[in-house]
file coords_14.cif (mmCIF, C-alpha atoms)
data_run
loop_
_atom_site.group_PDB
_atom_site.id
_atom_site.type_symbol
_atom_site.label_atom_id
_atom_site.label_comp_id
_atom_site.auth_asym_id
_atom_site.auth_seq_id
_atom_site.Cartn_x
_atom_site.Cartn_y
_atom_site.Cartn_z
ATOM 1 C CA MET A 238 86.535 76.611 124.524
ATOM 2 C CA ASN A 239 86.827 75.289 128.069
ATOM 3 C CA THR A 240 90.428 74.704 129.219
ATOM 4 C CA PRO A 241 90.373 71.447 131.162
ATOM 5 C CA ASP A 242 92.788 70.172 133.775
ATOM 6 C CA ILE A 243 95.399 67.711 132.496
ATOM 7 C CA ILE A 244 95.706 64.688 134.781
ATOM 8 C CA VAL A 245 98.590 62.303 134.106
ATOM 9 C CA ALA A 246 97.835 58.669 134.902
ATOM 10 C CA LEU A 247 100.641 57.115 136.926
ATOM 11 C CA ASP A 248 100.128 53.611 135.559
ATOM 12 C CA VAL A 249 103.347 52.265 137.064
ATOM 13 C CA GLN A 250 104.060 49.708 139.758
ATOM 14 C CA SER A 251 105.876 51.548 142.534
ATOM 15 C CA SER A 252 106.221 54.899 144.228
ATOM 16 C CA ARG A 253 109.821 55.075 143.022
ATOM 17 C CA GLU A 254 108.703 54.725 139.385
ATOM 18 C CA ALA A 255 105.942 57.255 139.948
ATOM 19 C CA GLU A 256 108.375 59.781 141.410
ATOM 20 C CA ALA A 257 110.677 59.346 138.415
ATOM 21 C CA VAL A 258 107.767 60.115 136.067
ATOM 22 C CA VAL A 259 106.769 63.212 138.049
ATOM 23 C CA GLU A 260 110.344 64.485 138.067
ATOM 24 C CA ARG A 261 110.748 63.961 134.302
ATOM 25 C CA ILE A 262 107.541 65.880 133.557
ATOM 26 C CA GLY A 263 108.285 68.707 135.953
ATOM 27 C CA ASP A 264 106.289 71.925 136.196
ATOM 28 C CA PRO A 265 103.883 71.624 133.225
ATOM 29 C CA VAL A 266 101.664 69.085 135.028
ATOM 30 C CA HIS A 267 100.230 69.568 138.505
ATOM 31 C CA PHE A 268 97.605 66.798 138.670
ATOM 32 C CA TYR A 269 98.235 63.026 138.836
ATOM 33 C CA LYS A 270 96.019 59.956 138.944
ATOM 34 C CA VAL A 271 96.842 57.044 141.227
ATOM 35 C CA GLY A 272 94.891 53.966 140.201
ATOM 36 C CA LEU A 273 94.240 50.585 141.729
ATOM 37 C CA GLU A 274 97.423 48.852 140.548
ATOM 38 C CA LEU A 275 99.772 51.469 141.971
ATOM 39 C CA PHE A 276 97.745 51.986 145.128
ATOM 40 C CA VAL A 277 97.707 48.273 145.973
ATOM 41 C CA ALA A 278 101.442 48.047 145.312
ATOM 42 C CA ASP A 279 102.636 51.225 147.007
ATOM 43 C CA GLY A 280 99.706 53.559 147.524
ATOM 44 C CA PRO A 281 100.263 55.587 150.697
ATOM 45 C CA ALA A 282 103.909 56.205 149.818
ATOM 46 C CA THR A 283 102.914 57.505 146.392
ATOM 47 C CA LEU A 284 100.278 59.838 147.811
ATOM 48 C CA THR A 285 102.741 61.175 150.363
ATOM 49 C CA MET A 286 105.329 61.753 147.626
ATOM 50 C CA LEU A 287 102.835 63.676 145.486
ATOM 51 C CA ARG A 288 101.778 65.863 148.406
ATOM 52 C CA GLN A 289 105.398 66.634 149.267
ATOM 53 C CA LYS A 290 105.943 67.787 145.684
ATOM 54 C CA GLY A 291 102.878 70.023 145.822
ATOM 55 C CA LYS A 292 100.937 67.966 143.275
ATOM 56 C CA ARG A 293 97.199 67.437 143.135
ATOM 57 C CA ILE A 294 95.847 63.897 143.542
ATOM 58 C CA PHE A 295 93.117 61.989 141.721
ATOM 59 C CA LEU A 296 92.664 58.721 143.647
ATOM 60 C CA ASP A 297 90.961 56.336 141.242
ATOM 61 C CA LEU A 298 89.958 53.332 143.369
ATOM 62 C CA LYS A 299 86.396 52.912 142.083
ATOM 63 C CA LEU A 300 84.948 52.253 145.537
ATOM 64 C CA HIS A 301 81.838 50.071 145.707
ATOM 65 C CA ASP A 302 80.785 48.734 149.112
ATOM 66 C CA ILE A 303 78.241 49.272 151.849
ATOM 67 C CA PRO A 304 77.705 52.972 152.652
ATOM 68 C CA ARG A 305 79.531 52.898 155.992
ATOM 69 C CA THR A 306 82.651 51.324 154.487
ATOM 70 C CA VAL A 307 82.738 53.804 151.611
ATOM 71 C CA GLU A 308 82.193 56.684 154.042
ATOM 72 C CA ARG A 309 85.247 55.636 156.063
ATOM 73 C CA ALA A 310 87.324 55.152 152.920
ATOM 74 C CA VAL A 311 86.502 58.704 151.828
ATOM 75 C CA HIS A 312 87.695 60.057 155.176
ATOM 76 C CA SER A 313 90.964 58.125 154.799
ATOM 77 C CA ALA A 314 91.502 59.332 151.223
ATOM 78 C CA ALA A 315 90.924 62.932 152.291
ATOM 79 C CA ARG A 316 93.626 62.647 154.946
ATOM 80 C CA PHE A 317 96.094 61.783 152.171
ATOM 81 C CA GLY A 318 95.108 64.897 150.248
ATOM 82 C CA ALA A 319 93.061 63.359 147.440
ATOM 83 C CA GLU A 320 91.064 66.035 145.589
ATOM 84 C CA LEU A 321 89.154 63.591 143.394
ATOM 85 C CA LEU A 322 87.933 60.137 144.382
ATOM 86 C CA THR A 323 86.028 57.649 142.240
ATOM 87 C CA ILE A 324 83.168 55.438 143.357
ATOM 88 C CA HIS A 325 80.728 53.279 141.392
ATOM 89 C CA ALA A 326 77.288 54.681 140.613
ATOM 90 C CA ALA A 327 75.970 51.115 140.724
ATOM 91 C CA GLY A 328 76.414 51.246 144.506
ATOM 92 C CA GLY A 329 73.162 53.180 144.678
ATOM 93 C CA LYS A 330 71.865 56.370 146.239
ATOM 94 C CA ALA A 331 72.685 55.547 149.852
ATOM 95 C CA MET A 332 76.313 54.756 149.063
ATOM 96 C CA ILE A 333 76.716 57.840 146.858
ATOM 97 C CA ALA A 334 75.156 60.084 149.493
ATOM 98 C CA ALA A 335 77.361 58.593 152.216
ATOM 99 C CA ALA A 336 80.472 59.298 150.150
ATOM 100 C CA ALA A 337 79.418 62.857 149.336
ATOM 101 C CA ASN A 338 78.500 63.609 152.941
ATOM 102 C CA ALA A 339 81.778 62.174 154.196
ATOM 103 C CA ALA A 340 83.725 64.306 151.715
ATOM 104 C CA GLY A 341 81.979 67.415 152.994
ATOM 105 C CA GLU A 342 82.946 66.601 156.577
ATOM 106 C CA THR A 343 86.680 66.580 155.842
ATOM 107 C CA ASP A 344 89.106 69.483 155.653
ATOM 108 C CA ALA A 345 90.178 68.520 152.117
ATOM 109 C CA LYS A 346 86.597 68.141 150.833
ATOM 110 C CA PRO A 347 87.462 65.889 147.871
ATOM 111 C CA MET A 348 85.100 65.762 144.928
ATOM 112 C CA ILE A 349 83.279 62.463 144.563
ATOM 113 C CA VAL A 350 83.211 61.397 140.925
ATOM 114 C CA MET A 351 81.226 58.471 139.614
ATOM 115 C CA LEU A 352 81.977 55.579 137.332
ATOM 116 C CA THR A 353 78.810 54.734 135.436
ATOM 117 C CA VAL A 354 79.315 51.885 132.953
ATOM 118 C CA PHE A 355 82.247 49.725 131.964
ATOM 119 C CA THR A 356 81.128 48.263 128.688
ATOM 120 C CA THR A 357 82.112 46.837 125.350
ATOM 121 C CA PRO A 358 81.130 49.072 122.418
ATOM 122 C CA ASP A 359 78.150 46.839 121.598
ATOM 123 C CA GLY A 360 76.895 46.680 125.179
ATOM 124 C CA SER A 361 77.013 42.882 125.325
ATOM 125 C CA ASP A 362 78.414 42.830 128.854
ATOM 126 C CA LEU A 363 75.450 44.906 130.081
ATOM 127 C CA ASN A 364 73.164 42.214 128.697
ATOM 128 C CA ASP A 365 75.224 39.631 130.580
ATOM 129 C CA ILE A 366 74.323 41.262 133.918
ATOM 130 C CA GLY A 367 70.654 41.774 133.095
ATOM 131 C CA VAL A 368 70.672 45.417 131.959
ATOM 132 C CA SER A 369 68.479 45.815 128.898
ATOM 133 C CA ARG A 370 69.136 49.506 128.208
ATOM 134 C CA ASP A 371 71.761 50.386 125.634
ATOM 135 C CA PRO A 372 75.053 51.759 127.029
ATOM 136 C CA ALA A 373 74.261 55.429 126.311
ATOM 137 C CA ALA A 374 70.884 55.241 128.053
ATOM 138 C CA GLN A 375 72.368 53.389 131.031
ATOM 139 C CA VAL A 376 75.166 55.947 131.399
ATOM 140 C CA GLU A 377 72.692 58.833 131.326
ATOM 141 C CA ALA A 378 70.381 57.180 133.875
ATOM 142 C CA LEU A 379 73.220 56.462 136.304
ATOM 143 C CA ALA A 380 74.657 59.942 135.797
ATOM 144 C CA LYS A 381 71.386 61.566 136.784
ATOM 145 C CA LEU A 382 71.097 59.257 139.807
ATOM 146 C CA ALA A 383 74.660 60.052 140.898
ATOM 147 C CA ILE A 384 74.394 63.825 140.626
ATOM 148 C CA GLY A 385 70.980 63.743 142.273
ATOM 149 C CA ALA A 386 72.432 61.809 145.215
ATOM 150 C CA GLY A 387 75.214 64.344 145.783
ATOM 151 C CA ALA A 388 78.104 63.288 143.550
ATOM 152 C CA HIS A 389 80.234 66.138 142.244
ATOM 153 C CA GLY A 390 81.059 64.705 138.847
ATOM 154 C CA LEU A 391 81.497 61.728 136.561
ATOM 155 C CA VAL A 392 84.092 59.798 134.629
ATOM 156 C CA CYS A 393 82.861 59.484 131.055
ATOM 157 C CA SER A 394 84.204 58.530 127.658
ATOM 158 C CA PRO A 395 84.811 61.093 124.907
ATOM 159 C CA GLN A 396 81.672 59.776 123.194
ATOM 160 C CA GLU A 397 79.556 60.536 126.275
ATOM 161 C CA VAL A 398 80.892 63.831 127.565
ATOM 162 C CA GLY A 399 79.076 66.143 125.161
ATOM 163 C CA ARG A 400 75.687 64.589 125.822
ATOM 164 C CA LEU A 401 76.227 64.520 129.586
ATOM 165 C CA ARG A 402 77.304 68.152 129.626
ATOM 166 C CA THR A 403 74.066 69.044 127.824
ATOM 167 C CA VAL A 404 71.937 66.939 130.166
ATOM 168 C CA LEU A 405 73.660 67.829 133.450
ATOM 169 C CA GLY A 406 74.628 71.450 132.838
ATOM 170 C CA ALA A 407 77.807 73.353 133.556
ATOM 171 C CA VAL A 408 78.439 72.417 137.190
ATOM 172 C CA PRO A 409 79.378 68.695 137.335
ATOM 173 C CA TYR A 410 83.079 67.931 136.969
ATOM 174 C CA LEU A 411 83.398 65.617 133.958
ATOM 175 C CA ILE A 412 86.609 63.588 133.701
ATOM 176 C CA THR A 413 87.460 62.119 130.327
ATOM 177 C CA PRO A 414 89.939 59.259 129.888
ATOM 178 C CA GLY A 415 90.708 57.862 126.457
ATOM 179 C CA VAL A 416 92.287 61.123 125.269
ATOM 180 C CA ARG A 417 95.008 60.837 122.631
ATOM 181 C CA PRO A 418 96.908 63.587 120.795
ATOM 182 C CA ALA A 419 96.080 63.885 117.105
ATOM 183 C CA GLY A 420 97.888 61.098 115.268
ATOM 184 C CA GLY A 421 98.868 59.331 118.501
ATOM 185 C CA ASP A 422 98.864 55.583 119.193
ATOM 186 C CA LEU A 423 95.473 54.459 120.495
ATOM 187 C CA GLY A 424 96.918 51.635 122.602
ATOM 188 C CA ASP A 425 94.058 49.631 124.133
ATOM 189 C CA GLN A 426 91.636 52.556 124.028
ATOM 190 C CA LYS A 427 88.697 52.164 121.643
ATOM 191 C CA ARG A 428 86.586 55.248 122.302
ATOM 192 C CA VAL A 429 89.002 58.149 122.068
ATOM 193 C CA ALA A 430 89.175 61.863 121.257
ATOM 194 C CA THR A 431 91.862 64.470 120.835
ATOM 195 C CA PRO A 432 92.440 66.855 123.750
ATOM 196 C CA ALA A 433 90.954 69.747 121.797
ATOM 197 C CA GLN A 434 87.803 67.806 120.888
ATOM 198 C CA ALA A 435 87.242 66.595 124.453
ATOM 199 C CA ALA A 436 87.644 70.159 125.723
ATOM 200 C CA LYS A 437 85.237 71.477 123.109
ATOM 201 C CA ASP A 438 82.665 68.866 124.151
ATOM 202 C CA GLY A 439 82.798 70.010 127.778
ATOM 203 C CA SER A 440 85.389 67.924 129.629
ATOM 204 C CA SER A 441 86.540 69.394 132.932
ATOM 205 C CA ALA A 442 89.643 67.197 133.057
ATOM 206 C CA LEU A 443 91.517 64.980 130.609
ATOM 207 C CA VAL A 444 93.245 61.830 131.875
ATOM 208 C CA ILE A 445 96.307 61.062 129.778
ATOM 209 C CA GLY A 446 98.750 58.251 130.474
ATOM 210 C CA ARG A 447 101.019 56.622 127.951
ATOM 211 C CA PRO A 448 101.242 59.511 125.443
ATOM 212 C CA ILE A 449 103.046 61.453 128.179
ATOM 213 C CA VAL A 450 104.472 58.839 130.541
ATOM 214 C CA GLU A 451 106.008 56.661 127.800
ATOM 215 C CA ALA A 452 107.149 59.500 125.570
ATOM 216 C CA PRO A 453 110.924 59.890 125.017
ATOM 217 C CA ASP A 454 110.580 63.340 126.587
ATOM 218 C CA PRO A 455 107.528 63.374 128.901
ATOM 219 C CA ARG A 456 107.870 67.092 129.620
ATOM 220 C CA ALA A 457 107.849 67.952 125.914
ATOM 221 C CA ALA A 458 104.884 65.637 125.349
ATOM 222 C CA ALA A 459 102.930 67.335 128.128
ATOM 223 C CA LEU A 460 103.737 70.784 126.762
ATOM 224 C CA GLU A 461 102.636 69.745 123.268
ATOM 225 C CA ILE A 462 99.246 68.580 124.583
ATOM 226 C CA LEU A 463 98.840 71.749 126.609
ATOM 227 C CA GLY A 464 99.604 73.693 123.461
ATOM 228 C CA GLN A 465 96.772 71.917 121.627
ATOM 229 C CA LEU A 466 94.411 73.325 124.237
ATOM 230 C CA GLY A 467 95.476 76.899 123.572
#
call {"tool": "encode", "arguments": {"input": "coords_14.cif", "output": "structure tokens"}}
result
Amino acid sequence: MNTPDIIVALDVQSSREAEAVVERIGDPVHFYKVGLELFVADGPATLTMLRQKGKRIFLDLKLHDIPRTVERAVHSAARFGAELLTIHAAGGKAMIAAAANAAGETDAKPMIVMLTVFTTPDGSDLNDIGVSRDPAAQVEALAKLAIGAGAHGLVCSPQEVGRLRTVLGAVPYLITPGVRPAGGDLGDQKRVATPAQAAKDGSSALVIGRPIVEAPDPRAAALEILGQLG
């Protein structure tokens, strides 16, 4: 079984809160996700703090703009040490290629990972924007477009990762949110898997937030999940 990276989602509102989480978890976790809420509130300070502590950074901003703007944003993210950076596959080939090329020009060379589809389980919101394909078919089509245009990986649900690994092969870096320990609270996640199942299906990295961050002992929670992965 593949042993994926564990990425803890810092879904908090300030760099001070984020630092407290990182300190409580300690050595077991080396990779952290900074999303839109935290970045808008206190982003550069949080990225600087993570770098100073020797942590790896997943900057999850879901960029979607004209190619030149995304290209410049990638250069800026690389200067802060981001190793992973999300953009939207719906931005098209030119935008994806611009992001991938920009990443390759930097010293940090972050991996560009794609968001394919945000959707309700029945796909009704895809219908609302004029997409007639079902969610699984739309995800697969955008995944192929993204990798073909130079993206390094994808963010995909536990229900999608196995199929995408089969279709795309061993190389793309597949990031799986919606991971919950066996018997854990699902929160607002609908399409979930245990860490072991996601790893078995081919995930390269598991994004885990509340089961670690909100645990009474975040370090112990992280170690328990790592133990489930062997």
call {"tool": "resolve_selection", "arguments": {"input": "coords_14.cif", "expression": "the PyMOL selection byres ((chain A and resi 340-352) around 8)", "output": "MDAnalysis selection string"}}
result
chainID A and resid 299 311:312 315:316 318:326 336:339 353:355 380 383 388:393 410
call {"tool": "write_last_selection", "arguments": {"input": "coords_14.cif", "atoms": "C-alpha atoms", "output": "PDB file, in the frame of the given file"}}
result
ATOM      1  CA  LYS A 299      86.396  52.912 142.083  1.00  0.00           C
ATOM      2  CA  VAL A 311      86.502  58.704 151.828  1.00  0.00           C
ATOM      3  CA  HIS A 312      87.695  60.057 155.176  1.00  0.00           C
ATOM      4  CA  ALA A 315      90.924  62.932 152.291  1.00  0.00           C
ATOM      5  CA  ARG A 316      93.626  62.647 154.946  1.00  0.00           C
ATOM      6  CA  GLY A 318      95.108  64.897 150.248  1.00  0.00           C
ATOM      7  CA  ALA A 319      93.061  63.359 147.440  1.00  0.00           C
ATOM      8  CA  GLU A 320      91.064  66.035 145.589  1.00  0.00           C
ATOM      9  CA  LEU A 321      89.154  63.591 143.394  1.00  0.00           C
ATOM     10  CA  LEU A 322      87.933  60.137 144.382  1.00  0.00           C
ATOM     11  CA  THR A 323      86.028  57.649 142.240  1.00  0.00           C
ATOM     12  CA  ILE A 324      83.168  55.438 143.357  1.00  0.00           C
ATOM     13  CA  HIS A 325      80.728  53.279 141.392  1.00  0.00           C
ATOM     14  CA  ALA A 326      77.288  54.681 140.613  1.00  0.00           C
ATOM     15  CA  ALA A 336      80.472  59.298 150.150  1.00  0.00           C
ATOM     16  CA  ALA A 337      79.418  62.857 149.336  1.00  0.00           C
ATOM     17  CA  ASN A 338      78.500  63.609 152.941  1.00  0.00           C
ATOM     18  CA  ALA A 339      81.778  62.174 154.196  1.00  0.00           C
ATOM     19  CA  THR A 353      78.810  54.734 135.436  1.00  0.00           C
ATOM     20  CA  VAL A 354      79.315  51.885 132.953  1.00  0.00           C
ATOM     21  CA  PHE A 355      82.247  49.725 131.964  1.00  0.00           C
ATOM     22  CA  ALA A 380      74.657  59.942 135.797  1.00  0.00           C
ATOM     23  CA  ALA A 383      74.660  60.052 140.898  1.00  0.00           C
ATOM     24  CA  ALA A 388      78.104  63.288 143.550  1.00  0.00           C
ATOM     25  CA  HIS A 389      80.234  66.138 142.244  1.00  0.00           C
ATOM     26  CA  GLY A 390      81.059  64.705 138.847  1.00  0.00           C
ATOM     27  CA  LEU A 391      81.497  61.728 136.561  1.00  0.00           C
ATOM     28  CA  VAL A 392      84.092  59.798 134.629  1.00  0.00           C
ATOM     29  CA  CYS A 393      82.861  59.484 131.055  1.00  0.00           C
ATOM     30  CA  TYR A 410      83.079  67.931 136.969  1.00  0.00           C
TER      31      TYR A 410
END
call {"tool": "atom_distance", "arguments": {"input": "coords_14.cif", "atom1": "CA of Gln465 (chain A)", "atom2": "CA of Val408 (chain A)"}}
result
24.1 Å
call {"tool": "resolve_selection", "arguments": {"input": "coords_14.cif", "expression": "the PyMOL selection byres ((chain A and resi 288) around 12)", "output": "JSON, numbers by chain"}}
result
{"A": [256, 259, 267, 268, 269, 281, 282, 283, 284, 285, 286, 287, 289, 290, 291, 292, 293, 294, 295, 315, 316, 317, 318, 319, 320]}
call {"tool": "write_last_selection", "arguments": {"input": "coords_14.cif", "atoms": "C-alpha atoms", "output": "PDB file, in the frame of the given file"}}
result
ATOM      1  CA  GLU A 256     108.375  59.781 141.410  1.00  0.00           C
ATOM      2  CA  VAL A 259     106.769  63.212 138.049  1.00  0.00           C
ATOM      3  CA  HIS A 267     100.230  69.568 138.505  1.00  0.00           C
ATOM      4  CA  PHE A 268      97.605  66.798 138.670  1.00  0.00           C
ATOM      5  CA  TYR A 269      98.235  63.026 138.836  1.00  0.00           C
ATOM      6  CA  PRO A 281     100.263  55.587 150.697  1.00  0.00           C
ATOM      7  CA  ALA A 282     103.909  56.205 149.818  1.00  0.00           C
ATOM      8  CA  THR A 283     102.914  57.505 146.392  1.00  0.00           C
ATOM      9  CA  LEU A 284     100.278  59.838 147.811  1.00  0.00           C
ATOM     10  CA  THR A 285     102.741  61.175 150.363  1.00  0.00           C
ATOM     11  CA  MET A 286     105.329  61.753 147.626  1.00  0.00           C
ATOM     12  CA  LEU A 287     102.835  63.676 145.486  1.00  0.00           C
ATOM     13  CA  GLN A 289     105.398  66.634 149.267  1.00  0.00           C
ATOM     14  CA  LYS A 290     105.943  67.787 145.684  1.00  0.00           C
ATOM     15  CA  GLY A 291     102.878  70.023 145.822  1.00  0.00           C
ATOM     16  CA  LYS A 292     100.937  67.966 143.275  1.00  0.00           C
ATOM     17  CA  ARG A 293      97.199  67.437 143.135  1.00  0.00           C
ATOM     18  CA  ILE A 294      95.847  63.897 143.542  1.00  0.00           C
ATOM     19  CA  PHE A 295      93.117  61.989 141.721  1.00  0.00           C
ATOM     20  CA  ALA A 315      90.924  62.932 152.291  1.00  0.00           C
ATOM     21  CA  ARG A 316      93.626  62.647 154.946  1.00  0.00           C
ATOM     22  CA  PHE A 317      96.094  61.783 152.171  1.00  0.00           C
ATOM     23  CA  GLY A 318      95.108  64.897 150.248  1.00  0.00           C
ATOM     24  CA  ALA A 319      93.061  63.359 147.440  1.00  0.00           C
ATOM     25  CA  GLU A 320      91.064  66.035 145.589  1.00  0.00           C
TER      26      GLU A 320
END
call {"tool": "residues_around", "arguments": {"input": "coords_14.cif", "residues": "Val416 (chain A)", "least_positions_apart": "4", "cutoff": "8 Å", "atoms": "all atoms listed in the file", "output": "list in words"}}
result
Pro395, Val429, Ala430, Thr431, Pro432, Ala435, Leu443, Val444 and Ile445 of chain A
call {"tool": "write_last_selection", "arguments": {"input": "coords_14.cif", "atoms": "C-alpha atoms", "output": "compact mmCIF listing (two decimals), in the coordinates of the input"}}
result
# COMPACT_ATOMS: atom_id res chain seq x y z
CA PRO A 395 84.81 61.09 124.91
CA VAL A 429 89.00 58.15 122.07
CA ALA A 430 89.18 61.86 121.26
CA THR A 431 91.86 64.47 120.84
CA PRO A 432 92.44 66.86 123.75
CA ALA A 435 87.24 66.60 124.45
CA LEU A 443 91.52 64.98 130.61
CA VAL A 444 93.24 61.83 131.88
CA ILE A 445 96.31 61.06 129.78
call {"tool": "atom_distance", "arguments": {"input": "coords_14.cif", "atom1": "CA of Ala374 (chain A)", "atom2": "CA of Ala386 (chain A)"}}
result
18.4 Å
call {"tool": "atom_distance", "arguments": {"input": "coords_14.cif", "atom1": "CA of Glu461 (chain A)", "atom2": "CA of Ser251 (chain A)"}}
result
26.7 Å
call {"tool": "axis_aligned_box", "arguments": {"input": "coords_14.cif", "around": "region 325-333 of chain A", "padding_each_side": "8 Å", "output": "lines of an AutoDock Vina configuration file"}}
result
center_x = 76.3
center_y = 54.5
center_z = 145.2
size_x = 24.9
size_y = 22.7
size_z = 25.2
call {"tool": "resolve_selection", "arguments": {"input": "coords_14.cif", "expression": "the PyMOL selection byres ((chain A and resi 275) around 8)", "output": "list in words"}}
result
Leu247, Asp248, Val249, Gln250, Ser251, Ser252, Val271, Gly272, Leu273, Glu274, Phe276, Val277, Ala278, Asp279 and Gly280 of chain A
call {"tool": "closest_residue", "arguments": {"input": "coords_14.cif", "among": "A:Leu466, A:Ala310, A:Val245, A:Leu401", "to": "Ile262 (chain A)", "atoms": "only C-alpha atoms"}}
result
A:Val245
call {"tool": "closest_residue", "arguments": {"input": "coords_14.cif", "among": "A:Ile303, A:Ala327, A:Ala436, A:Ala257", "to": "Ile412 (chain A)", "atoms": "all atoms listed in the file"}}
result
A:Ala436
